[in-house]
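**Q** Below is the file data13.tsv, which contains TSV, C-alpha atoms.
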```tsv
chain	number	residue	atom	x	y	z
A	10	MET	CA	118.38	69.16	-4.25
A	11	THR	CA	118.70	68.72	-8.01
A	12	ASN	CA	121.97	67.84	-9.73
A	13	SER	CA	122.30	71.37	-11.11
A	14	GLN	CA	121.85	72.81	-7.62
A	15	LYS	CA	124.52	70.45	-6.27
A	16	VAL	CA	126.93	71.49	-9.00
A	17	LEU	CA	126.30	75.17	-8.32
A	18	SER	CA	126.80	74.59	-4.60
A	19	VAL	CA	130.18	72.91	-5.18
A	20	LEU	CA	131.31	75.65	-7.56
A	21	GLN	CA	130.18	78.29	-5.08
A	22	GLU	CA	132.21	76.71	-2.27
A	23	LYS	CA	135.38	76.42	-4.37
A	24	TYR	CA	135.30	79.46	-6.66
A	25	GLY	CA	132.53	81.76	-5.44
A	26	THR	CA	133.32	85.35	-4.43
A	27	LEU	CA	130.76	85.33	-1.59
A	28	ASP	CA	129.02	83.00	0.84
A	29	PRO	CA	125.26	83.71	0.73
A	30	SER	CA	124.69	81.68	3.89
A	31	LYS	CA	126.69	84.13	6.01
A	32	LEU	CA	126.09	87.85	6.39
A	33	GLN	CA	128.25	90.74	7.54
A	34	LEU	CA	127.35	94.22	8.74
A	35	GLN	CA	128.96	97.21	7.06
A	36	ARG	CA	128.51	100.85	8.03
A	37	TRP	CA	126.60	102.63	5.27
A	38	GLN	CA	124.38	105.56	4.41
A	39	TYR	CA	121.57	105.77	1.88
A	40	TYR	CA	120.86	109.35	0.86
A	41	ASP	CA	118.79	111.40	-1.54
A	42	ASN	CA	119.00	115.12	-2.28
A	43	VAL	CA	116.17	116.87	-4.12
A	44	ARG	CA	116.05	120.40	-5.53
A	45	LEU	CA	113.88	122.80	-3.54
A	46	PRO	CA	111.22	124.64	-5.62
A	47	ILE	CA	111.88	128.35	-5.10
A	48	ALA	CA	108.17	129.22	-5.35
A	49	GLY	CA	107.33	126.89	-2.47
A	50	THR	CA	105.79	123.43	-2.24
A	51	ASN	CA	103.57	121.43	0.11
A	52	ARG	CA	105.59	118.20	-0.21
A	53	LEU	CA	109.13	117.01	-0.85
A	54	ASN	CA	109.44	113.38	-2.01
A	55	PHE	CA	112.65	111.46	-1.41
A	56	PHE	CA	114.05	108.29	-2.99
A	57	SER	CA	111.43	108.45	-5.75
A	58	ASN	CA	113.99	109.41	-8.42
A	59	ALA	CA	116.89	106.96	-8.43
A	60	LEU	CA	120.43	107.29	-9.77
A	61	GLY	CA	120.42	108.45	-13.40
A	62	SER	CA	116.81	109.65	-13.39
A	63	VAL	CA	115.81	113.29	-13.78
A	64	ASP	CA	115.11	115.57	-10.84
A	65	PRO	CA	111.70	117.10	-11.66
A	66	VAL	CA	112.67	120.54	-10.31
A	67	SER	CA	116.23	121.01	-11.57
A	68	GLY	CA	115.67	119.05	-14.79
A	69	LEU	CA	119.12	117.45	-14.35
A	70	ASN	CA	120.06	113.78	-14.18
A	71	LYS	CA	120.78	112.70	-10.63
A	72	THR	CA	124.34	111.57	-9.97
A	73	LEU	CA	125.98	109.93	-6.95
A	74	GLU	CA	126.30	113.40	-5.49
A	75	GLU	CA	122.51	113.54	-5.11
A	76	VAL	CA	121.42	109.92	-4.57
A	77	ASN	CA	122.94	106.45	-4.17
A	78	THR	CA	119.97	104.15	-4.74
A	79	ARG	CA	119.48	102.41	-8.09
A	80	ARG	CA	115.74	101.75	-7.88
A	81	SER	CA	112.87	104.06	-7.11
A	82	GLY	CA	111.43	103.51	-3.64
A	83	GLU	CA	113.81	100.66	-2.77
A	84	LEU	CA	117.12	100.28	-0.96
A	85	ASP	CA	119.75	98.25	-2.77
A	86	GLU	CA	120.51	95.92	0.15
A	87	ALA	CA	118.97	94.86	3.44
A	88	PHE	CA	119.58	97.76	5.77
A	89	VAL	CA	119.37	98.59	9.47
A	90	ILE	CA	118.40	102.24	10.05
A	91	MET	CA	120.21	103.52	13.14
A	92	ALA	CA	119.71	107.26	12.62
A	93	VAL	CA	117.78	109.69	10.41
A	94	LYS	CA	119.47	112.86	9.17
A	95	THR	CA	118.41	115.79	7.01
A	96	ASP	CA	120.29	118.61	5.36
A	97	ILE	CA	119.56	121.87	3.54
A	98	SER	CA	122.39	123.27	1.46
A	99	ILE	CA	122.92	126.04	-1.06
A	100	LEU	CA	124.94	124.74	-3.98
A	101	PRO	CA	128.43	126.27	-4.44
A	102	ILE	CA	128.52	129.56	-6.34
A	103	ALA	CA	130.38	128.00	-9.26
A	104	ARG	CA	127.42	125.66	-9.82
A	105	GLN	CA	124.71	128.25	-9.44
A	106	PRO	CA	122.95	129.82	-12.45
A	107	ALA	CA	124.99	132.47	-14.27
A	108	GLY	CA	122.98	135.33	-12.75
A	109	VAL	CA	123.81	134.20	-9.22
A	110	ALA	CA	127.46	133.43	-9.95
A	111	ALA	CA	127.94	136.88	-11.50
A	112	VAL	CA	127.02	138.70	-8.27
A	113	THR	CA	130.34	139.65	-6.70
A	114	ASP	CA	129.05	139.55	-3.10
A	115	ALA	CA	126.80	136.52	-3.57
A	116	VAL	CA	128.51	134.48	-0.87
A	117	VAL	CA	128.22	137.35	1.63
A	118	GLU	CA	125.55	140.01	1.40
A	119	SER	CA	123.27	138.94	-1.46
A	120	LEU	CA	122.53	135.46	-0.09
A	121	THR	CA	121.43	136.79	3.31
A	122	PRO	CA	117.70	136.91	2.32
A	123	VAL	CA	118.01	133.33	1.03
A	124	HIS	CA	119.41	132.15	4.36
A	125	ALA	CA	116.60	133.98	6.15
A	126	ALA	CA	114.04	132.02	4.12
A	127	LEU	CA	115.86	128.76	4.83
A	128	ARG	CA	115.86	129.57	8.54
A	129	ASN	CA	112.06	129.58	8.43
A	130	LEU	CA	112.10	126.26	6.57
A	131	TYR	CA	113.91	124.61	9.49
A	132	TYR	CA	110.80	125.06	11.65
A	133	GLN	CA	108.38	123.50	9.17
A	134	GLY	CA	107.36	120.08	7.91
A	135	VAL	CA	106.60	116.54	9.05
A	136	LEU	CA	108.77	113.65	7.84
A	137	SER	CA	106.88	110.41	7.18
A	138	VAL	CA	108.48	107.13	6.08
A	139	SER	CA	106.23	104.16	5.29
A	140	TYR	CA	107.19	100.61	4.36
A	141	GLY	CA	104.48	98.79	2.49
A	142	GLN	CA	101.27	100.25	3.92
A	143	LYS	CA	102.60	100.94	7.42
A	144	ASN	CA	104.12	104.16	8.72
A	145	TYR	CA	107.33	103.53	10.67
A	146	ILE	CA	108.80	107.02	11.04
A	147	GLN	CA	107.03	110.31	11.71
A	148	ILE	CA	109.05	113.31	12.90
A	149	GLU	CA	107.88	116.90	13.24
A	150	GLN	CA	110.26	119.68	12.17
A	151	PRO	CA	112.76	117.14	10.76
A	152	PHE	CA	115.24	119.78	9.56
A	153	GLN	CA	115.61	120.96	13.15
A	154	MET	CA	115.26	117.58	14.89
A	155	CYS	CA	117.38	115.51	12.46
A	156	PRO	CA	120.54	117.51	11.65
A	157	PRO	CA	123.38	115.84	9.71
A	158	GLY	CA	125.83	116.13	12.63
A	159	GLN	CA	128.77	115.48	10.33
A	160	GLY	CA	131.50	117.36	12.13
A	161	PRO	CA	132.97	120.87	12.37
A	162	SER	CA	131.79	123.67	10.10
A	163	ILE	CA	133.92	126.82	10.10
A	164	ILE	CA	132.76	130.01	8.37
A	165	SER	CA	135.16	132.92	8.16
A	166	ILE	CA	133.93	136.17	6.59
A	167	SER	CA	136.12	139.16	5.93
A	168	SER	CA	134.58	142.24	4.36
A	169	ASN	CA	135.03	145.97	4.24
A	170	GLY	CA	132.25	147.91	5.93
A	171	ALA	CA	132.95	150.89	3.65
A	172	ALA	CA	132.17	148.81	0.55
A	173	GLY	CA	128.47	149.58	0.82
A	174	PHE	CA	127.19	146.57	2.73
A	175	PRO	CA	127.41	145.48	6.37
A	176	PRO	CA	130.42	143.34	7.28
A	177	VAL	CA	128.19	140.77	8.98
A	178	SER	CA	125.84	138.47	7.06
A	179	ASN	CA	123.37	135.84	8.22
A	180	TYR	CA	124.04	132.17	7.53
A	181	THR	CA	121.73	129.28	8.29
A	182	ARG	CA	123.16	125.80	8.78
A	183	PRO	CA	121.98	122.73	10.72
A	184	SER	CA	123.82	121.44	13.76
A	185	VAL	CA	127.15	119.79	12.98
A	186	ASP	CA	127.42	118.25	16.46
A	187	PRO	CA	127.32	114.42	16.13
A	188	ARG	CA	125.49	114.29	19.47
A	189	SER	CA	122.51	116.10	17.90
A	190	ILE	CA	121.55	113.42	15.38
A	191	TYR	CA	118.18	111.67	15.61
A	192	GLN	CA	118.78	108.10	16.81
A	193	MET	CA	116.22	105.43	15.90
A	194	THR	CA	115.15	103.53	19.01
A	195	PRO	CA	114.67	100.74	18.26
A	196	PRO	CA	116.54	100.47	14.94
A	197	ILE	CA	114.49	99.54	11.87
A	198	LEU	CA	115.46	96.57	9.68
A	199	VAL	CA	114.46	97.10	6.05
A	200	GLU	CA	114.46	93.96	3.92
A	201	LYS	CA	116.01	94.02	0.46
A	202	GLY	CA	113.34	94.75	-2.15
A	203	GLN	CA	110.93	96.28	0.37
A	204	THR	CA	109.22	99.26	-1.23
A	205	PHE	CA	108.85	102.44	0.78
A	206	THR	CA	107.87	106.08	0.54
A	207	ALA	CA	109.61	108.98	2.24
A	208	ALA	CA	108.29	112.54	2.19
A	209	VAL	CA	108.27	115.78	4.13
A	210	ASP	CA	104.78	117.31	4.15
A	211	PHE	CA	104.11	120.96	4.90
A	212	PHE	CA	100.58	120.97	6.27
A	213	LEU	CA	100.29	124.48	7.71
A	214	ALA	CA	101.93	126.42	4.88
A	215	ASN	CA	104.08	125.81	1.84
A	216	THR	CA	107.84	126.11	2.07
A	217	PRO	CA	109.08	129.72	2.05
A	218	VAL	CA	109.62	131.45	-1.28
A	219	ILE	CA	113.35	131.61	-2.01
A	220	PRO	CA	114.36	135.12	-3.15
A	221	GLN	CA	116.16	135.43	-6.47
A	222	VAL	CA	119.73	136.69	-6.63
A	223	GLY	CA	121.00	138.50	-9.70
A	224	GLY	CA	117.67	137.88	-11.40
A	225	ALA	CA	118.18	134.09	-11.22
A	226	ASN	CA	116.82	131.25	-9.09
A	227	VAL	CA	119.15	130.10	-6.32
A	228	ALA	CA	119.83	126.34	-6.39
A	229	VAL	CA	119.08	124.76	-2.98
A	230	ASN	CA	119.20	121.03	-2.28
A	231	VAL	CA	117.29	119.30	0.53
A	232	GLY	CA	118.62	115.94	1.66
A	233	LEU	CA	117.37	112.90	3.58
A	234	ILE	CA	119.92	110.44	4.93
A	235	PHE	CA	119.41	106.98	6.44
A	236	ASP	CA	122.46	106.15	8.54
A	237	GLY	CA	123.11	102.59	9.67
A	238	TYR	CA	124.40	99.21	8.55
A	239	VAL	CA	123.94	97.30	5.32
A	240	LEU	CA	123.70	93.48	5.46
A	241	ARG	CA	125.83	91.80	2.79
A	242	PRO	CA	127.04	88.23	2.19
A	243	ILE	CA	130.56	87.54	3.39
A	244	GLN	CA	133.09	87.46	0.56
```
Would you give me this structure, written as structure tokens?
**A**
Amino acid sequence: MTNSQKVLSVLQEKYGTLDPSKLQLQRWQYYDNVRLPIAGTNRLNFFSNALGSVDPVSGLNKTLEEVNTRRSGELDEAFVIMAVKTDISILPIARQPAGVAAVTDAVVESLTPVHAALRNLYYQGVLSVSYGQKNYIQIEQPFQMCPPGQGPSIISISSNGAAGFPPVSNYTRPSVDPRSIYQMTPPILVEKGQTFTAAVDFFLANTPVIPQVGGANVAVNVGLIFDGYVLRPIQ
């Protein structure tokens, strides 16, 4: 050990904010949400556009609401994947294009055809996750097999049947039951700095075309979540 290394070691022991020789496990999730092309696509790539980069479909910079990784194709820390989750969500009306937001019954009747298309999407696709040149995860119909399972979801609809549309509308959501999540057995340890690719391929047919509402494209996000534990030095 050189003199400079000895000095740094002493300073680290006395004044350092962490001990790199000891690690702790912290519950964590790495996630990425990408905008779904309304005309259909044969592949959705995840974790390829990091925080602050531009989503190629929406044209908007990705914030922490969409993704929490800082580098393309890398996780920020060593991570143990305990479960894989997916999600498909229609953005809130207030954040939809003006044409969609202007439709008075958008959250009830007008979005029913959109939910019908998303229902078909749940039965499509193959999720593949590869680290380096080796495939570690391959799941058919991931949107059905890997729901988010994040707790209760209550939808209450009140409408007047005489208003010109049926009082019942169709909604499509994944399972919110925590017991339905896809557990990784055995768990996968991903080293810090390990590059990877994650994508859902649609081999038989492209994703369904998402109908327009109010003459505008409906904004739909598709998410991939790695649930597990991050390995960090003890502070």
**Q** Write out as a tab-separated table a residue-level contact list of stretch 165-244 of chain A versus stretch 37-49 of chain A with cut-off 8 Å: for each qualifying residue the closest pair of atoms and the distance in Å to one decimal, counting only C-alpha atoms, rows sorted by chain and residue number upward.
**A**
```
residue	atom	partner	partner_atom	distance
A:Asn215	CA	A:Gly49	CA	5.5
A:Thr216	CA	A:Gly49	CA	4.6
A:Pro217	CA	A:Gly49	CA	5.6
A:Val218	CA	A:Ala48	CA	4.9
A:Ile219	CA	A:Ile47	CA	4.7
A:Pro220	CA	A:Ile47	CA	7.5
A:Asn226	CA	A:Ile47	CA	7.0
A:Val227	CA	A:Ile47	CA	7.6
A:Ala228	CA	A:Arg44	CA	7.1
A:Val229	CA	A:Leu45	CA	5.6
A:Asn230	CA	A:Arg44	CA	4.6
A:Val231	CA	A:Asn42	CA	5.3
A:Gly232	CA	A:Asn42	CA	4.0
A:Leu233	CA	A:Asp41	CA	5.5
A:Ile234	CA	A:Tyr40	CA	4.3
A:Phe235	CA	A:Tyr39	CA	5.2
A:Asp236	CA	A:Gln38	CA	4.6
A:Gly237	CA	A:Trp37	CA	5.6
A:Tyr238	CA	A:Trp37	CA	5.2
A:Val239	CA	A:Trp37	CA	6.0
```
**Q** Which of these residues is nearest to A:Ser189, using all atoms listed in the file: A:Leu34, A:Cys155, A:Leu53, A:Leu127?
**A**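 Nearest candidate to A:Ser189 out of A:Leu34, A:Cys155, A:Leu53, A:Leu127: A:Cys155.
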**Q** Closest to A:Arg79 among A:Leu60, A:Ala110, A:Ile97, A:Val123, using only C-alpha atoms?
**A** A:Leu60
**Q** My list of candidates is A:Ala107, A:Leu84, A:Glu75, A:Asp96. Which is closest to A:Gly224 when distances are computed with all atoms listed in the file?
**A** A:Ala107
**Q** What separation in Å, quoted to one decimal, exists between atom CA of A:Ser98 and atom CA of A:Met193?
**A**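 Distance reported for this atom pair: 23.8 Å.
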**Q** Just how far from atom CA of A:Gln150 is atom CA of A:Val209, in Å to one decimal?
**A**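 Between these atoms lies a distance of 9.2 Å.
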**Q** Can you work out which one of A:Ile146, A:Ala87, A:Val76, A:Ala126 has the shortest atom-to-atom distance to A:Leu198, counting all atoms listed in the file?
**A**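 Selected residue with least distance to A:Leu198: A:Ala87.
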**Q** Work out how far atom CA of A:Met154 is from atom CA of A:Ser184, in Å to one decimal.
**A**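 Atom CA of A:Met154 lies at a distance of 9.5 Å from atom CA of A:Ser184.
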**Q** Which is closer to A:Lys94 than all the others in A:Phe152, A:Phe56, A:Phe212, A:Phe205, using all atoms listed in the file?
**A**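 The answer is A:Phe152, which sits nearest to A:Lys94.
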**Q** When distances are computed from only C-alpha atoms, which of A:Pro187, A:Gly134, A:Pro106, A:Gly82 shows the smallest separation from A:Gln159?
**A** A:Pro187
**Q** Centre and edge lengths, as JSON, for the axis-aligned box enclosing every listed atom of stretch 186-190 of chain A with 4 Å of padding on each of the six sides, in Å to one decimal?
**A**
```
{"center_x": 124.5, "center_y": 115.8, "center_z": 17.4, "size_x": 13.9, "size_y": 12.8, "size_z": 12.1}
```
**Q** Taking 4 positions as the minimum chain separation for residues in the same chain, which residues sit within 12 Å of A:Gln142 when counting only C-alpha atoms? Answer as a PyMOL selection string.
**A** chain A and resi 138+203-206
